[in-house]
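Some notes on the structure that comes next.
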Protein chains: 2
Amino acid sequence: MTARTQAESPRGIPEATVARLPLYLRALTLLSDEGTSTCSSEALAVAAGVNSAMLRKDLSHLGSYGTRGVGYDVEHLRYQIAREIGLTTDRNVVVVGLGNLGQALANYAGFRTRGFRVVALLDADERLHGTVVGGVAVRPVHDLERVVADLDVAIGVLALPASAAQEVADRLVAAGVTAILNFAPTVLSVPEGVEVRKVDLSTELQILAFHEQRRSPSYLADGEPVATGVGGREEVR
Amino acid sequence: MTARTQAESPRGIPEATVARLPLYLRALTLLSDEGTSTCSSEALAVAAGVNSAMLRKDLSHLGSYGTRGVGYDVEHLRYQIAREIGLTTDRNVVVVGLGNLGQALANYAGFRTRGFRVVALLDADERLHGTVVGGVAVRPVHDLERVVADLDVAIGVLALPASAAQEVADRLVAAGVTAILNFAPTVLSVPEGVEVRKVDLSTELQILAFHEQRRSPSYLADGEPVATGVGGREEVR
DNA sequence: TAGATTGTTAATCGATTAACAATC
DNA sequence: TAGATTGTTAATCGATTAACAATC
């Protein structure tokens, strides 16, 4: 019986490390494009915008892919990280909700080049049905279960009003999807084992507002200016 | 001389707490709309999707706004959090880059209802100049400095290709902007005192891919399927 | 007063960083 | 061999959680 302190399963990679692997991948791609074949942890750390000690620590969770005194082979490390993330196989994505944001996502070229295929678009508004966005026809949300099964969808992207998000998430989960990217400004509850990432645009602006406030001149001069309508309701559309 | 352990200035609120304040604000708005006038930390925590101990700890950084044995007054707490974040005053936002994502952001209703006014849109493509998106006319990026000064812009949103992001960020900073929301998939370097938040769509999908991979059947069966073109270059457009 | 719930303390946990022995 | 740089250990730091005294 070995005591295991960390939340590390056999293949346990800390969550914070996982979140940085894509940054390293991008930095390596950049270096590769520049024709760099070898790089030190220091150089890669700068390119990724992190501390080199952290980078080495992160990479140590994947294995020993560097050479002491030399550094890392750019192509090799890039492949190893891509494999670790699971990008050596393409993944199929369904986007639900084709308002402004959903359309932008459906058109986003960055997904394709990274191994994500938007294979289906769903929207509740029947006026959109049949229209083509980014080369894919919009279908009724009613088709969700069929689409997930037939097109082998691995990831669901929710770009719809907060009021509809939970129901669609439930259906995605029931259909077997275990990864959801949620742009709707609402808390989703999903069963254990389903991974949800949240992108919340107003939250980001609010965090910026907080910091911005702390350095504007008027902040020092106290003041609790009155205002209402703050924190209003919202949709992602 | 008092030793100060935490990275807490007089008004020091931990970064993790700041990032959750917008969630609490939203949850309170929801409760308020339902007609709830008082709530416990437990109820609010559930609505915000966090642990109630963490919620109370977070709120304790702002002050003592609850009543033991009773809970929190929804409206009062909502106001206090809004004030803390700095939402009692509207903030002006410029969006740079009006590709699909930029247009979606310019149209995003959630900003308005939260005290953010998109007052200017800039794009390098002159075919877009003069077109109106979300009620605001697109202007040349050349106007950046004038726009920031004349329209009192507090926050810059970058929705442009990675290759252009650093240059525009530099100009925003030089013009006095201290808060940037960056959708371009690149590391921005900015001087001390400037706050950058990053939203990276492919990174989010990659993190999901990692987790999704760990529970798909084929993962157990080893396998290092070969593939290339992974981690490619990208634009936000 | 008895029950409820906050605000805070202390314990735990995880993530970051510095430092350095291992080794190319 | 001397210089460079990794991978790892140990120290630090910050964030989360449990527990409970304070108090409505």
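Labels used: A, B, ... for chains in the order of the structure tokens, numbers from 1 for residues in each chain, and numbers from 1 for ligands as shown.
Omitting DT16 (chain D) and its sequence neighbours fewer than 6 positions away, and counting only C-alpha atoms (C1' of nucleotides), the residues within 10 Å are Asn51, Ala53, Met54 and Lys57 of chain B; DT12, DC13 and DG14 of chain C.
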Residues of chain A within 9 Å of chain D: nearest atom pair and distance (Å, one decimal) for each, counting only C-alpha atoms (C1' of nucleotides), sorted by chain and number, as JSON lines?
{"residue": "A:Ser40", "atom": "CA", "partner": "D:DT5", "partner_atom": "C1'", "distance": 7.3}
{"residue": "A:Ser41", "atom": "CA", "partner": "D:DT5", "partner_atom": "C1'", "distance": 8.2}
{"residue": "A:Arg56", "atom": "CA", "partner": "D:DG7", "partner_atom": "C1'", "distance": 7.3}
{"residue": "A:Lys57", "atom": "CA", "partner": "D:DG7", "partner_atom": "C1'", "distance": 7.8}
{"residue": "A:Ser60", "atom": "CA", "partner": "D:DG7", "partner_atom": "C1'", "distance": 6.7}
{"residue": "A:Ser64", "atom": "CA", "partner": "D:DG7", "partner_atom": "C1'", "distance": 7.6}
{"residue": "A:Gly66", "atom": "CA", "partner": "D:DT6", "partner_atom": "C1'", "distance": 6.6}
{"residue": "A:Thr67", "atom": "CA", "partner": "D:DT6", "partner_atom": "C1'", "distance": 6.2}
{"residue": "A:Arg68", "atom": "CA", "partner": "D:DT6", "partner_atom": "C1'", "distance": 4.2}
{"residue": "A:Gly69", "atom": "CA", "partner": "D:DT5", "partner_atom": "C1'", "distance": 4.0}
{"residue": "A:Val70", "atom": "CA", "partner": "D:DT5", "partner_atom": "C1'", "distance": 6.0}
{"residue": "A:Gly71", "atom": "CA", "partner": "D:DT5", "partner_atom": "C1'", "distance": 6.4}
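Closest approach to chain A among B:Gly12, B:Gly49, B:Gly156, B:Gly35: B:Gly49, based on only C-alpha atoms.
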Alpha helix (DSSP H) call set, DSSP backbone run, region 10-229 of chain B, as number ranges by chain: B: 15-33, 41-48, 52-60, 74-85, 100-107, 109-112, 144-150, 162-174, 201-213, 217-220
Picked from region 141-204 of chain A by DSSP as strand (DSSP E), as a list of chain:residue names: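 Result set for region 141-204 of chain A (strand (DSSP E)): A:Val153, A:Ala154, A:Ile155, A:Gly156, A:Val157, A:Leu158, A:Ala179, A:Ile180, A:Leu181, A:Asn182, A:Glu195, A:Val196, A:Arg197, A:Lys198.
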Find the residues near Tyr24 (chain A): any atom within 9 Å, counting only C-alpha atoms (C1' of nucleotides), skip ones fewer than 6 places away on the same chain, and give them as a PDB file with C-alpha atoms, in the first residue's frame.
ATOM      1  CA  LEU A  44      10.434  27.674 -24.937  1.00  0.00           C
ATOM      2  CA  ALA A  45       9.267  29.183 -21.667  1.00  0.00           C
ATOM      3  CA  ALA A  47       7.825  31.766 -26.200  1.00  0.00           C
ATOM      4  CA  ALA A  48       4.986  30.378 -24.111  1.00  0.00           C
ATOM      5  CA  LEU A  55       7.803  24.456 -17.941  1.00  0.00           C
ATOM      6  CA  ARG A  78       5.677  18.819 -30.272  1.00  0.00           C
ATOM      7  CA  ILE A  81       2.616  16.863 -26.393  1.00  0.00           C
TER       8      ILE A  81
END
